[in-house]
Amino acid sequence: MLHVYDLDGWAGTKDIELYGRAKIEGFQAIITNDGKQLSRPLEVRAIAESGLHRIEYRTNHKHGGLVGLGTAIATVCAALPHALDDLAKAEGQRLVFLTSVDPQRNSRLRMTDPAATPPKHWPAAV
């Protein structure tokens with residue numbers, strides 16, 4: 001996986017040109033967090049004409065900073081292997097939307113105090 005900034009001369013490439021250029025260079029998919037691409041007619045046309053798979057993940061704007069970054073990374077890490085497996089079997093172009101991992105504290109972790117609520121086999125005095 002490469003980022004446009006890792007490719008010599010690609011930094012600053014506009015999305016409309018990016019899809020065609022990526023196709024010419026032999027890429028098969030683009031991963032993006034730009035949810036507005038599909039609402040811009042010229043970008044939609046560029047995506048369609050490229051034939052490249054488009055994989056979108058969302059960033060959770062309600063949760064910025066480390067929580068937002070962690071959510072984006074977790075979403076991509078959890079779903080991308082499945083998406084790539086499906087794309088390897090696909091005939092024709094696909095648009096993929098990765099479902100975001102829920103960043104809410106109660107959905108992501110559970111914490112107990114073993115002194116107050118000891119698990120089974122927990123020693124009495126630790």
# chains A, B, ... in the order shown; residues from 1 in each chain; ligands from 1
>>> select_by_dssp(residues="stretch 22-63 of chain A", states="strand (DSSP E or B)", output="count of residues only")
9
>>> closest_atom_pairs(of="stretch 52-79 of chain A", to="stretch 88-103 of chain A", cutoff="6 Å", atoms="only C-alpha atoms", output="JSON lines")
{"residue": "A:Leu52", "atom": "CA", "partner": "A:Gln93", "partner_atom": "CA", "distance": 6.0}
{"residue": "A:His53", "atom": "CA", "partner": "A:Arg94", "partner_atom": "CA", "distance": 5.0}
{"residue": "A:Arg54", "atom": "CA", "partner": "A:Leu95", "partner_atom": "CA", "distance": 4.9}
{"residue": "A:Ile55", "atom": "CA", "partner": "A:Val96", "partner_atom": "CA", "distance": 4.6}
{"residue": "A:Glu56", "atom": "CA", "partner": "A:Phe97", "partner_atom": "CA", "distance": 4.9}
{"residue": "A:Tyr57", "atom": "CA", "partner": "A:Leu98", "partner_atom": "CA", "distance": 5.0}
{"residue": "A:Thr71", "atom": "CA", "partner": "A:Val101", "partner_atom": "CA", "distance": 5.9}
{"residue": "A:Thr75", "atom": "CA", "partner": "A:Ser100", "partner_atom": "CA", "distance": 5.2}
>>> closest_residue(among="A:Leu38, A:Ala22, A:Ile47, A:Ala29", to="A:Leu87", atoms="only C-alpha atoms")
A:Ala29
>>> atom_distance(atom1="atom CA of A:Thr59", atom2="atom CA of A:Asn33")
6.7 Å
>>> residues_around(residues="A:Arg45", least_positions_apart="5", cutoff="9 Å", atoms="only C-alpha atoms", output="list in words")
Ile16, Arg40 and Ser50 of chain A
>>> write_last_selection(atoms="N, CA and C atoms", output="PDB file, in the first residue's frame")
ATOM      1  N   ILE A  16      -9.371  14.233  -9.474  1.00  0.00           N
ATOM      2  CA  ILE A  16      -9.822  13.996 -10.851  1.00  0.00           C
ATOM      3  C   ILE A  16      -8.698  13.398 -11.690  1.00  0.00           C
ATOM      4  N   ARG A  40     -19.469  14.779  -6.274  1.00  0.00           N
ATOM      5  CA  ARG A  40     -18.898  15.721  -7.239  1.00  0.00           C
ATOM      6  C   ARG A  40     -18.878  15.063  -8.619  1.00  0.00           C
ATOM      7  N   SER A  50     -11.832   5.349 -14.659  1.00  0.00           N
ATOM      8  CA  SER A  50     -10.585   4.680 -14.296  1.00  0.00           C
ATOM      9  C   SER A  50     -10.764   3.170 -14.190  1.00  0.00           C
TER      10      SER A  50
END
>>> atom_distance(atom1="atom CA of A:Gln37", atom2="atom CA of A:Glu49")
14.1 Å
>>> select_by_dssp(residues="chain A", states="helix (DSSP H, G or I)", output="ChimeraX atom specification")
/A:4-6,15-24,37-39,41-50,65-89,105-108
>>> closest_residue(among="A:Thr13, A:Pro118, A:Asp113, A:Met1", to="A:Ile31", atoms="only C-alpha atoms")
A:Met1
>>> closest_residue(among="A:Val67, A:Met111, A:Leu18, A:Ile30", to="A:Leu80", atoms="only C-alpha atoms")
A:Ile30
>>> atom_distance(atom1="atom CA of A:Gly68", atom2="atom CA of A:Leu109")
15.8 Å
